[in-house]
Every structure is written in structure tokens, then in C-alpha cells.
>>> print(open('protein.pdb').read())   # PDB, C-alpha atoms
ATOM      1  CA  MET Y   1      29.807  79.745 128.829  1.00  0.00           C
ATOM      2  CA  LYS Y   2      30.086  80.647 132.498  1.00  0.00           C
ATOM      3  CA  ASP Y   3      33.100  82.925 132.150  1.00  0.00           C
ATOM      4  CA  ILE Y   4      31.069  85.608 130.393  1.00  0.00           C
ATOM      5  CA  ASP Y   5      28.763  87.869 132.376  1.00  0.00           C
ATOM      6  CA  ASP Y   6      25.096  86.819 132.396  1.00  0.00           C
ATOM      7  CA  SER Y   7      23.896  90.163 131.079  1.00  0.00           C
ATOM      8  CA  LYS Y   8      22.252  89.860 127.674  1.00  0.00           C
ATOM      9  CA  ALA Y   9      20.128  92.945 127.967  1.00  0.00           C
ATOM     10  CA  PRO Y  10      18.081  94.105 124.999  1.00  0.00           C
ATOM     11  CA  LEU Y  11      19.255  97.026 122.888  1.00  0.00           C
ATOM     12  CA  LEU Y  12      17.141  99.583 124.751  1.00  0.00           C
ATOM     13  CA  GLU Y  13      18.703  98.675 128.098  1.00  0.00           C
ATOM     14  CA  HIS Y  14      22.178  98.960 126.579  1.00  0.00           C
ATOM     15  CA  LEU Y  15      21.339 102.413 125.231  1.00  0.00           C
ATOM     16  CA  ILE Y  16      19.998 103.486 128.633  1.00  0.00           C
ATOM     17  CA  GLU Y  17      23.168 102.242 130.291  1.00  0.00           C
ATOM     18  CA  LEU Y  18      25.316 104.021 127.679  1.00  0.00           C
ATOM     19  CA  ARG Y  19      23.444 107.267 128.285  1.00  0.00           C
ATOM     20  CA  SER Y  20      23.933 106.884 132.039  1.00  0.00           C
ATOM     21  CA  ARG Y  21      27.663 106.319 131.704  1.00  0.00           C
ATOM     22  CA  LEU Y  22      28.094 109.175 129.221  1.00  0.00           C
ATOM     23  CA  LEU Y  23      26.244 111.437 131.636  1.00  0.00           C
ATOM     24  CA  LYS Y  24      28.649 110.459 134.404  1.00  0.00           C
ATOM     25  CA  CYS Y  25      31.583 111.279 132.110  1.00  0.00           C
ATOM     26  CA  VAL Y  26      30.101 114.701 131.313  1.00  0.00           C
ATOM     27  CA  VAL Y  27      29.535 115.396 135.021  1.00  0.00           C
ATOM     28  CA  ALA Y  28      33.122 114.372 135.795  1.00  0.00           C
ATOM     29  CA  LEU Y  29      34.401 116.707 133.053  1.00  0.00           C
ATOM     30  CA  PHE Y  30      32.227 119.555 134.311  1.00  0.00           C
ATOM     31  CA  LEU Y  31      33.314 119.157 137.945  1.00  0.00           C
ATOM     32  CA  GLY Y  32      36.927 118.882 136.822  1.00  0.00           C
ATOM     33  CA  PHE Y  33      36.503 122.054 134.776  1.00  0.00           C
ATOM     34  CA  ILE Y  34      35.099 123.966 137.772  1.00  0.00           C
ATOM     35  CA  LEU Y  35      37.955 122.819 139.996  1.00  0.00           C
ATOM     36  CA  CYS Y  36      40.656 123.542 137.402  1.00  0.00           C
ATOM     37  CA  PHE Y  37      39.158 126.946 136.575  1.00  0.00           C
ATOM     38  CA  ALA Y  38      39.333 127.876 140.272  1.00  0.00           C
ATOM     39  CA  PHE Y  39      43.064 127.050 140.204  1.00  0.00           C
ATOM     40  CA  SER Y  40      43.730 128.144 136.614  1.00  0.00           C
ATOM     41  CA  GLU Y  41      46.351 130.724 137.640  1.00  0.00           C
ATOM     42  CA  GLN Y  42      48.315 128.110 139.584  1.00  0.00           C
ATOM     43  CA  LEU Y  43      48.039 125.647 136.692  1.00  0.00           C
ATOM     44  CA  PHE Y  44      49.221 128.298 134.249  1.00  0.00           C
ATOM     45  CA  ALA Y  45      52.184 129.004 136.535  1.00  0.00           C
ATOM     46  CA  VAL Y  46      53.135 125.322 136.215  1.00  0.00           C
ATOM     47  CA  LEU Y  47      52.755 125.361 132.434  1.00  0.00           C
ATOM     48  CA  VAL Y  48      54.739 128.577 132.049  1.00  0.00           C
ATOM     49  CA  HIS Y  49      57.642 127.346 134.194  1.00  0.00           C
ATOM     50  CA  PRO Y  50      59.717 125.919 131.274  1.00  0.00           C
ATOM     51  CA  LEU Y  51      59.491 129.275 129.468  1.00  0.00           C
ATOM     52  CA  LYS Y  52      60.423 131.151 132.641  1.00  0.00           C
ATOM     53  CA  GLN Y  53      63.521 128.974 132.995  1.00  0.00           C
ATOM     54  CA  ALA Y  54      64.389 129.497 129.325  1.00  0.00           C
ATOM     55  CA  PHE Y  55      64.232 133.299 129.711  1.00  0.00           C
ATOM     56  CA  GLY Y  56      66.605 133.017 132.661  1.00  0.00           C
ATOM     57  CA  ALA Y  57      67.662 135.840 134.940  1.00  0.00           C
ATOM     58  CA  SER Y  58      67.024 138.435 132.250  1.00  0.00           C
ATOM     59  CA  GLY Y  59      63.323 137.756 132.663  1.00  0.00           C
ATOM     60  CA  GLY Y  60      60.603 137.691 130.061  1.00  0.00           C
ATOM     61  CA  LYS Y  61      56.939 138.316 129.670  1.00  0.00           C
ATOM     62  CA  LEU Y  62      53.810 137.032 128.027  1.00  0.00           C
ATOM     63  CA  VAL Y  63      51.417 139.439 126.367  1.00  0.00           C
ATOM     64  CA  TYR Y  64      47.850 139.253 125.164  1.00  0.00           C
ATOM     65  CA  THR Y  65      46.704 141.224 122.152  1.00  0.00           C
ATOM     66  CA  LYS Y  66      42.940 140.849 122.568  1.00  0.00           C
ATOM     67  CA  LEU Y  67      40.991 142.056 125.577  1.00  0.00           C
ATOM     68  CA  TYR Y  68      39.289 138.691 126.056  1.00  0.00           C
ATOM     69  CA  GLU Y  69      42.395 136.574 125.386  1.00  0.00           C
ATOM     70  CA  ALA Y  70      43.505 136.240 129.026  1.00  0.00           C
ATOM     71  CA  PHE Y  71      40.067 134.984 130.061  1.00  0.00           C
ATOM     72  CA  PHE Y  72      39.915 132.364 127.324  1.00  0.00           C
ATOM     73  CA  VAL Y  73      43.422 131.237 128.227  1.00  0.00           C
ATOM     74  CA  GLN Y  74      42.091 130.387 131.683  1.00  0.00           C
ATOM     75  CA  VAL Y  75      39.134 128.568 130.096  1.00  0.00           C
ATOM     76  CA  LYS Y  76      41.467 126.501 127.897  1.00  0.00           C
ATOM     77  CA  ILE Y  77      43.644 125.644 130.883  1.00  0.00           C
ATOM     78  CA  ALA Y  78      40.568 124.518 132.823  1.00  0.00           C
ATOM     79  CA  LEU Y  79      39.396 122.344 129.914  1.00  0.00           C
ATOM     80  CA  PHE Y  80      42.867 120.894 129.456  1.00  0.00           C
ATOM     81  CA  GLY Y  81      43.201 120.142 133.161  1.00  0.00           C
ATOM     82  CA  SER Y  82      39.698 118.713 133.487  1.00  0.00           C
ATOM     83  CA  PHE Y  83      40.437 116.157 130.780  1.00  0.00           C
ATOM     84  CA  PHE Y  84      43.417 114.795 132.722  1.00  0.00           C
ATOM     85  CA  LEU Y  85      41.591 115.013 136.039  1.00  0.00           C
ATOM     86  CA  SER Y  86      38.497 113.161 134.827  1.00  0.00           C
ATOM     87  CA  PHE Y  87      40.297 110.626 132.616  1.00  0.00           C
ATOM     88  CA  PRO Y  88      40.319 107.847 135.281  1.00  0.00           C
ATOM     89  CA  ILE Y  89      36.550 108.206 135.708  1.00  0.00           C
ATOM     90  CA  ILE Y  90      35.944 108.246 131.940  1.00  0.00           C
ATOM     91  CA  ALA Y  91      38.148 105.175 131.455  1.00  0.00           C
ATOM     92  CA  ASN Y  92      36.383 103.396 134.316  1.00  0.00           C
ATOM     93  CA  GLN Y  93      32.941 104.120 132.821  1.00  0.00           C
ATOM     94  CA  LEU Y  94      34.079 102.907 129.410  1.00  0.00           C
ATOM     95  CA  TRP Y  95      35.458  99.710 130.910  1.00  0.00           C
ATOM     96  CA  ALA Y  96      32.286  99.145 132.969  1.00  0.00           C
ATOM     97  CA  PHE Y  97      30.207  99.405 129.784  1.00  0.00           C
ATOM     98  CA  VAL Y  98      32.405  97.119 127.660  1.00  0.00           C
ATOM     99  CA  ALA Y  99      33.500  94.556 130.265  1.00  0.00           C
ATOM    100  CA  PRO Y 100      30.188  92.624 130.594  1.00  0.00           C
ATOM    101  CA  GLY Y 101      30.447  91.610 126.932  1.00  0.00           C
ATOM    102  CA  LEU Y 102      33.939  90.143 127.321  1.00  0.00           C
ATOM    103  CA  TYR Y 103      35.037  86.705 128.394  1.00  0.00           C
ATOM    104  CA  ALA Y 104      37.182  86.429 131.497  1.00  0.00           C
ATOM    105  CA  LYS Y 105      40.200  85.541 129.334  1.00  0.00           C
ATOM    106  CA  GLU Y 106      39.650  88.646 127.207  1.00  0.00           C
ATOM    107  CA  LYS Y 107      39.410  90.818 130.313  1.00  0.00           C
ATOM    108  CA  ARG Y 108      42.722  89.477 131.609  1.00  0.00           C
ATOM    109  CA  ALA Y 109      44.299  90.102 128.200  1.00  0.00           C
ATOM    110  CA  LEU Y 110      43.080  93.719 128.025  1.00  0.00           C
ATOM    111  CA  LEU Y 111      43.933  94.694 131.605  1.00  0.00           C
ATOM    112  CA  PRO Y 112      47.698  95.236 131.009  1.00  0.00           C
ATOM    113  CA  PHE Y 113      46.899  97.543 128.080  1.00  0.00           C
ATOM    114  CA  LEU Y 114      44.457  99.559 130.184  1.00  0.00           C
ATOM    115  CA  LEU Y 115      47.096  99.989 132.877  1.00  0.00           C
ATOM    116  CA  ALA Y 116      49.857 100.807 130.396  1.00  0.00           C
ATOM    117  CA  THR Y 117      47.888 103.522 128.564  1.00  0.00           C
ATOM    118  CA  PRO Y 118      47.949 106.263 131.280  1.00  0.00           C
ATOM    119  CA  ILE Y 119      51.500 105.320 132.302  1.00  0.00           C
ATOM    120  CA  LEU Y 120      52.848 105.682 128.758  1.00  0.00           C
ATOM    121  CA  PHE Y 121      50.879 108.875 128.160  1.00  0.00           C
ATOM    122  CA  LEU Y 122      52.269 110.428 131.355  1.00  0.00           C
ATOM    123  CA  ALA Y 123      55.762 109.299 130.374  1.00  0.00           C
ATOM    124  CA  GLY Y 124      55.450 111.073 127.024  1.00  0.00           C
ATOM    125  CA  ALA Y 125      53.934 114.191 128.591  1.00  0.00           C
ATOM    126  CA  SER Y 126      56.703 114.263 131.232  1.00  0.00           C
ATOM    127  CA  LEU Y 127      59.384 113.992 128.550  1.00  0.00           C
ATOM    128  CA  ALA Y 128      57.765 116.918 126.737  1.00  0.00           C
ATOM    129  CA  TYR Y 129      57.506 119.058 129.870  1.00  0.00           C
ATOM    130  CA  PHE Y 130      60.838 118.355 131.559  1.00  0.00           C
ATOM    131  CA  VAL Y 131      63.145 117.822 128.575  1.00  0.00           C
ATOM    132  CA  VAL Y 132      61.720 118.806 125.186  1.00  0.00           C
ATOM    133  CA  MET Y 133      60.046 122.130 126.021  1.00  0.00           C
ATOM    134  CA  PRO Y 134      63.006 123.624 127.954  1.00  0.00           C
ATOM    135  CA  THR Y 135      65.363 122.571 125.153  1.00  0.00           C
ATOM    136  CA  ALA Y 136      63.096 123.911 122.406  1.00  0.00           C
ATOM    137  CA  PHE Y 137      62.425 127.191 124.236  1.00  0.00           C
ATOM    138  CA  HIS Y 138      66.141 127.797 124.757  1.00  0.00           C
ATOM    139  CA  PHE Y 139      66.633 127.180 121.040  1.00  0.00           C
ATOM    140  CA  PHE Y 140      63.846 129.614 120.085  1.00  0.00           C
ATOM    141  CA  LEU Y 141      65.016 132.346 122.473  1.00  0.00           C
ATOM    142  CA  ASP Y 142      68.592 132.199 121.173  1.00  0.00           C
ATOM    143  CA  PHE Y 143      67.390 134.224 118.166  1.00  0.00           C
ATOM    144  CA  GLN Y 144      66.899 137.271 120.389  1.00  0.00           C
ATOM    145  CA  GLY Y 145      69.505 139.991 120.095  1.00  0.00           C
ATOM    146  CA  ASN Y 146      70.628 142.703 117.744  1.00  0.00           C
ATOM    147  CA  SER Y 147      70.200 142.208 114.022  1.00  0.00           C
ATOM    148  CA  GLY Y 148      70.938 144.912 111.478  1.00  0.00           C
ATOM    149  CA  GLY Y 149      70.904 147.559 114.164  1.00  0.00           C
ATOM    150  CA  LEU Y 150      67.477 146.515 115.432  1.00  0.00           C
ATOM    151  CA  GLN Y 151      66.719 144.790 118.713  1.00  0.00           C
ATOM    152  CA  ILE Y 152      64.910 141.464 118.299  1.00  0.00           C
ATOM    153  CA  GLU Y 153      62.915 140.458 121.372  1.00  0.00           C
ATOM    154  CA  ALA Y 154      60.594 137.523 121.943  1.00  0.00           C
ATOM    155  CA  LEU Y 155      57.129 138.652 123.050  1.00  0.00           C
ATOM    156  CA  PRO Y 156      54.975 135.500 122.910  1.00  0.00           C
ATOM    157  CA  SER Y 157      51.265 135.844 123.537  1.00  0.00           C
ATOM    158  CA  ALA Y 158      49.689 133.859 126.358  1.00  0.00           C
ATOM    159  CA  ASP Y 159      47.265 132.116 124.005  1.00  0.00           C
ATOM    160  CA  ALA Y 160      49.970 131.154 121.488  1.00  0.00           C
ATOM    161  CA  TYR Y 161      52.217 129.866 124.262  1.00  0.00           C
ATOM    162  CA  LEU Y 162      49.444 127.771 125.782  1.00  0.00           C
ATOM    163  CA  GLY Y 163      48.644 126.316 122.367  1.00  0.00           C
ATOM    164  CA  LEU Y 164      52.308 125.387 121.911  1.00  0.00           C
ATOM    165  CA  VAL Y 165      52.493 123.726 125.337  1.00  0.00           C
ATOM    166  CA  MET Y 166      49.301 121.738 124.707  1.00  0.00           C
ATOM    167  CA  GLN Y 167      50.658 120.714 121.301  1.00  0.00           C
ATOM    168  CA  PHE Y 168      53.884 119.423 122.868  1.00  0.00           C
ATOM    169  CA  ILE Y 169      52.169 117.527 125.706  1.00  0.00           C
ATOM    170  CA  LEU Y 170      49.482 115.909 123.539  1.00  0.00           C
ATOM    171  CA  ALA Y 171      51.899 115.063 120.723  1.00  0.00           C
ATOM    172  CA  PHE Y 172      54.351 113.284 123.011  1.00  0.00           C
ATOM    173  CA  GLY Y 173      51.662 111.717 125.197  1.00  0.00           C
ATOM    174  CA  ILE Y 174      49.727 110.247 122.266  1.00  0.00           C
ATOM    175  CA  SER Y 175      52.885 109.172 120.423  1.00  0.00           C
ATOM    176  CA  PHE Y 176      54.016 107.189 123.453  1.00  0.00           C
ATOM    177  CA  LEU Y 177      50.865 105.059 123.108  1.00  0.00           C
ATOM    178  CA  LEU Y 178      52.391 103.437 120.006  1.00  0.00           C
ATOM    179  CA  PRO Y 179      53.384 100.217 121.871  1.00  0.00           C
ATOM    180  CA  VAL Y 180      49.809  99.782 123.138  1.00  0.00           C
ATOM    181  CA  LEU Y 181      48.395 100.144 119.625  1.00  0.00           C
ATOM    182  CA  LEU Y 182      50.891  97.714 118.062  1.00  0.00           C
ATOM    183  CA  MET Y 183      50.485  95.151 120.845  1.00  0.00           C
ATOM    184  CA  LEU Y 184      46.699  95.276 120.501  1.00  0.00           C
ATOM    185  CA  LEU Y 185      46.955  94.787 116.736  1.00  0.00           C
ATOM    186  CA  ASN Y 186      49.266  91.853 117.317  1.00  0.00           C
ATOM    187  CA  ARG Y 187      46.996  90.249 119.933  1.00  0.00           C
ATOM    188  CA  ALA Y 188      44.039  90.694 117.591  1.00  0.00           C
ATOM    189  CA  GLY Y 189      45.931  88.811 114.883  1.00  0.00           C
ATOM    190  CA  LEU Y 190      45.935  91.767 112.492  1.00  0.00           C
ATOM    191  CA  VAL Y 191      49.711  92.050 112.330  1.00  0.00           C
ATOM    192  CA  SER Y 192      52.565  89.698 113.190  1.00  0.00           C
ATOM    193  CA  ARG Y 193      56.020  90.430 114.535  1.00  0.00           C
ATOM    194  CA  ALA Y 194      57.547  89.399 111.207  1.00  0.00           C
ATOM    195  CA  GLN Y 195      55.390  91.955 109.428  1.00  0.00           C
ATOM    196  CA  LEU Y 196      56.386  94.672 111.899  1.00  0.00           C
ATOM    197  CA  VAL Y 197      60.047  93.828 111.426  1.00  0.00           C
ATOM    198  CA  GLY Y 198      59.584  94.114 107.672  1.00  0.00           C
ATOM    199  CA  MET Y 199      57.922  97.510 108.133  1.00  0.00           C
ATOM    200  CA  ARG Y 200      60.816  98.905 110.199  1.00  0.00           C
ATOM    201  CA  ARG Y 201      62.217 101.170 107.460  1.00  0.00           C
ATOM    202  CA  TYR Y 202      58.757 102.554 106.722  1.00  0.00           C
ATOM    203  CA  MET Y 203      58.185 103.131 110.429  1.00  0.00           C
ATOM    204  CA  ILE Y 204      61.345 105.233 110.653  1.00  0.00           C
ATOM    205  CA  VAL Y 205      60.105 107.435 107.804  1.00  0.00           C
ATOM    206  CA  ALA Y 206      56.614 107.590 109.339  1.00  0.00           C
ATOM    207  CA  ALA Y 207      58.086 108.614 112.715  1.00  0.00           C
ATOM    208  CA  PHE Y 208      59.841 111.619 111.185  1.00  0.00           C
ATOM    209  CA  ILE Y 209      56.732 112.564 109.193  1.00  0.00           C
ATOM    210  CA  ALA Y 210      54.586 112.360 112.340  1.00  0.00           C
ATOM    211  CA  ALA Y 211      57.148 114.415 114.256  1.00  0.00           C
ATOM    212  CA  ALA Y 212      57.141 117.062 111.536  1.00  0.00           C
ATOM    213  CA  VAL Y 213      53.334 117.285 111.697  1.00  0.00           C
ATOM    214  CA  LEU Y 214      52.859 117.116 115.472  1.00  0.00           C
ATOM    215  CA  THR Y 215      55.672 119.417 116.634  1.00  0.00           C
ATOM    216  CA  PRO Y 216      56.722 122.975 115.740  1.00  0.00           C
ATOM    217  CA  PRO Y 217      58.730 123.263 112.520  1.00  0.00           C
ATOM    218  CA  ASP Y 218      62.172 123.037 114.101  1.00  0.00           C
ATOM    219  CA  VAL Y 219      64.656 120.191 113.819  1.00  0.00           C
ATOM    220  CA  VAL Y 220      65.261 119.921 117.581  1.00  0.00           C
ATOM    221  CA  SER Y 221      61.625 119.206 118.502  1.00  0.00           C
ATOM    222  CA  GLN Y 222      61.169 116.834 115.584  1.00  0.00           C
ATOM    223  CA  LEU Y 223      64.233 114.780 116.482  1.00  0.00           C
ATOM    224  CA  MET Y 224      63.207 114.625 120.142  1.00  0.00           C
ATOM    225  CA  LEU Y 225      59.871 113.091 119.138  1.00  0.00           C
ATOM    226  CA  ALA Y 226      60.962 110.905 116.229  1.00  0.00           C
ATOM    227  CA  VAL Y 227      63.834 109.186 118.079  1.00  0.00           C
ATOM    228  CA  PRO Y 228      61.690 108.052 121.075  1.00  0.00           C
ATOM    229  CA  MET Y 229      59.004 106.791 118.664  1.00  0.00           C
ATOM    230  CA  ILE Y 230      61.579 104.659 116.854  1.00  0.00           C
ATOM    231  CA  LEU Y 231      62.907 103.334 120.182  1.00  0.00           C
ATOM    232  CA  LEU Y 232      59.360 102.542 121.312  1.00  0.00           C
ATOM    233  CA  TYR Y 233      58.811 100.637 118.058  1.00  0.00           C
ATOM    234  CA  GLU Y 234      61.906  98.536 118.734  1.00  0.00           C
ATOM    235  CA  PHE Y 235      60.776  97.987 122.329  1.00  0.00           C
ATOM    236  CA  THR Y 236      57.397  96.783 121.044  1.00  0.00           C
ATOM    237  CA  LEU Y 237      59.080  94.277 118.736  1.00  0.00           C
ATOM    238  CA  LEU Y 238      61.002  92.923 121.723  1.00  0.00           C
ATOM    239  CA  ALA Y 239      57.838  92.756 123.861  1.00  0.00           C
ATOM    240  CA  ILE Y 240      55.955  90.896 121.108  1.00  0.00           C
ATOM    241  CA  TRP Y 241      58.854  88.442 120.822  1.00  0.00           C
ATOM    242  CA  PHE Y 242      58.620  87.646 124.540  1.00  0.00           C
ATOM    243  CA  THR Y 243      54.816  87.383 124.326  1.00  0.00           C
ATOM    244  CA  ASP Y 244      54.921  85.040 121.325  1.00  0.00           C
ATOM    245  CA  ARG Y 245      57.570  82.918 123.016  1.00  0.00           C
ATOM    246  CA  ARG Y 246      55.512  82.592 126.212  1.00  0.00           C
ATOM    247  CA  GLN Y 247      52.346  81.799 124.234  1.00  0.00           C
ATOM    248  CA  GLN Y 248      54.166  79.126 122.246  1.00  0.00           C
ATOM    249  CA  LYS Y 249      55.476  77.609 125.476  1.00  0.00           C
ATOM    250  CA  GLU Y 250      51.953  77.502 126.947  1.00  0.00           C
ATOM    251  CA  GLU Y 251      50.602  75.850 123.789  1.00  0.00           C
ATOM    252  CA  ASN Y 252      53.355  73.232 123.919  1.00  0.00           C
ATOM    253  CA  ASN Y 253      52.578  72.503 127.567  1.00  0.00           C
ATOM    254  CA  LEU Y 254      48.873  72.122 126.750  1.00  0.00           C
ATOM    255  CA  ALA Y 255      49.715  69.774 123.886  1.00  0.00           C
ATOM    256  CA  LEU Y 256      51.924  67.649 126.161  1.00  0.00           C
ATOM    257  CA  SER Y 257      49.275  67.554 128.890  1.00  0.00           C
ATOM    258  CA  GLY Y 258      46.651  66.559 126.307  1.00  0.00           C
ATOM    259  CA  GLU Y 259      48.715  63.558 125.302  1.00  0.00           C
TER     260      GLU Y 259
END
>>> encode(input="protein.pdb", output="C-alpha cells")
Amino acid sequence: MKDIDDSKAPLLEHLIELRSRLLKCVVALFLGFILCFAFSEQLFAVLVHPLKQAFGASGGKLVYTKLYEAFFVQVKIALFGSFFLSFPIIANQLWAFVAPGLYAKEKRALLPFLLATPILFLAGASLAYFVVMPTAFHFFLDFQGNSGGLQIEALPSADAYLGLVMQFILAFGISFLLPVLLMLLNRAGLVSRAQLVGMRRYMIVAAFIAAAVLTPPDVVSQLMLAVPMILLYEFTLLAIWFTDRRQQKEENNLALSGE
């Protein structure tokens, strides 16, 4: 078995290596936190931009109701930013720890999924930031005005707004990883394309349930998450069909060459 790395270290050496790689991940997170905290105001300006556009020329404002709230908002922004900033290093350390135990064929099979994960997550986060949040914020702010002789004005707190933005970005980013999960399950032999096709109606229901849980309780946000999830499910079925077809062709060629 020459295509597997010649590293059969005892358990203690594996634990030492794991500790070393976890320490590197913690250091990367810490350095990312320091850097993001130094630029937390600029990062918050980026995150608040969709709300600023939704308020329009009339302007708007964020408030904080606790004396320490503004400080902890900056801390949360730094933690949020450090995760994204250090993710490549964390993923690299995880791969470096797992890769020696894989065959060369398994490494080649996993590589596309490793590359697709950050791309799909960024695609989901970008959809949330550039499309979903502006649309949802316009919808929420439309309820401002005069009602029963009283002026209704939106005065969101900085902490609540940041929590909403993080909820949107993480919900869409993680949901867009659905193709990676399904493809991995298929490659592992745990689920076939026929089974996924049979589960289509249940997947549609599950997509709307997930959207209701992961997004604010408004129809607009839920639809804008559920519909892409359903489309991604259909895209995954198509990708599995192409993969199965190519694999079958390779097996046929091997059978012919064996004859």
C-alpha cells in the first residue's frame, strides 16, 4: 500500500500532533481577533451598510440601551471577523491532520469538496448581504409611519442589529453547503440518487421548516432562503447524475481493458 502515507504513529504522537494543530488554530483565531478588533468600526460600517441604504435619504440611527453594549458589539464583530479570517488556516490544519490517514484516491476525491465549501459559503453569505438583507430591511422599515395618531419609528439597537446580520449571513452560508453534504453522503454510499429523488417532496417541506427556524419570522426572508435551498437540492441531483454516469463509464472501460 504505497499510496498511503508511511506515518503509523502511536496514539500519543497523534495526540501531540492534534494538540499542536489545535494550538495553531487558537493562535490564528486570536491574531485574527486582534486585527479585526482594531478595525471593528470599519467592519461595523460594512455590516451596517444594508440598513443605511434601507433607511434612505431620511436617515436612521442605531441605539444602545446598556452602557457596555457598544463595547461588546465591537467584541462580537471582532470574533465574527476572526472566524472568517482564520478559516483557511483552520481548514489547512484540519486537512494536514487527517490527510496522512487517507489513500491518494481518497485525497483526490475529497479535494473538490474542500474547495467547494468556502466558495458555496461565500456565495450564500453574499446573497444574504447583497440581496436578502436589503430586501428584508426595506420590508421591516415600511411599517414606520403614523398609526392611530402616534408616530411609529424604527430604533434598532446595535446589538440586536448585529445579531440579525450574523443570523442572516450564517443561515445562508451554512444552508448553501447542502450540495457538499449530499455529495459526500452519496460518495460514501449512504444515500443514492434514486433515494434523493424519492425524498424530493420531503426536502421541499424541510427547506421551508429550516428557513422558518434560521431566518426572522417574516415570509420574505423565509422564501429567499427556502427557494435557493430547493434549487441547490435539484442542482445536487444533477451533479450526482453526472458523477454516477462518469463512474459507470470508467467501470465499463476498466472491464473492457480487463478482458
>>> residues_near_point(input="protein.pdb", point="(41.1, 126.9, 139.6)", cutoff="12 Å", atoms="only C-alpha atoms", output="ChimeraX atom specification")
/Y:31-45,74-82
>>> residues_near_point(input="protein.pdb", point="(55.7, 101.5, 122.0)", cutoff="10 Å", atoms="all atoms listed in the file", output="list in words")
Leu120, Ser175, Phe176, Leu177, Leu178, Pro179, Val180, Leu181, Leu182, Met183, Pro228, Met229, Ile230, Leu231, Leu232, Tyr233, Glu234, Phe235, Thr236, Leu237 and Ala239 of chain Y
>>> write_last_selection(input="protein.pdb", atoms="C-alpha atoms", output="short mmCIF file (atom, residue, chain, number, x, y, z; two decimals), in the frame of the given file")
data_model
loop_
_atom_site.label_atom_id
_atom_site.label_comp_id
_atom_site.auth_asym_id
_atom_site.auth_seq_id
_atom_site.Cartn_x
_atom_site.Cartn_y
_atom_site.Cartn_z
CA LEU Y 120 52.85 105.68 128.76
CA SER Y 175 52.88 109.17 120.42
CA PHE Y 176 54.02 107.19 123.45
CA LEU Y 177 50.86 105.06 123.11
CA LEU Y 178 52.39 103.44 120.01
CA PRO Y 179 53.38 100.22 121.87
CA VAL Y 180 49.81 99.78 123.14
CA LEU Y 181 48.40 100.14 119.62
CA LEU Y 182 50.89 97.71 118.06
CA MET Y 183 50.48 95.15 120.84
CA PRO Y 228 61.69 108.05 121.08
CA MET Y 229 59.00 106.79 118.66
CA ILE Y 230 61.58 104.66 116.85
CA LEU Y 231 62.91 103.33 120.18
CA LEU Y 232 59.36 102.54 121.31
CA TYR Y 233 58.81 100.64 118.06
CA GLU Y 234 61.91 98.54 118.73
CA PHE Y 235 60.78 97.99 122.33
CA THR Y 236 57.40 96.78 121.04
CA LEU Y 237 59.08 94.28 118.74
CA ALA Y 239 57.84 92.76 123.86
#
>>> closest_residue(input="protein.pdb", among="Y:Leu164, Y:Ile240, Y:Leu127, Y:Ala104", to="Asn186 in chain Y", atoms="all atoms listed in the file")
Y:Ile240
>>> resolve_selection(input="protein.pdb", expression="the PyMOL selection byres ((chain Y and resi 160) around 12)", output="ChimeraX atom specification")
/Y:48,62-65,69-70,72-73,76,155-159,161-167
>>> atom_distance(input="protein.pdb", atom1="CA of Phe121 in chain Y", atom2="CA of Ala171 in chain Y")
9.7 Å
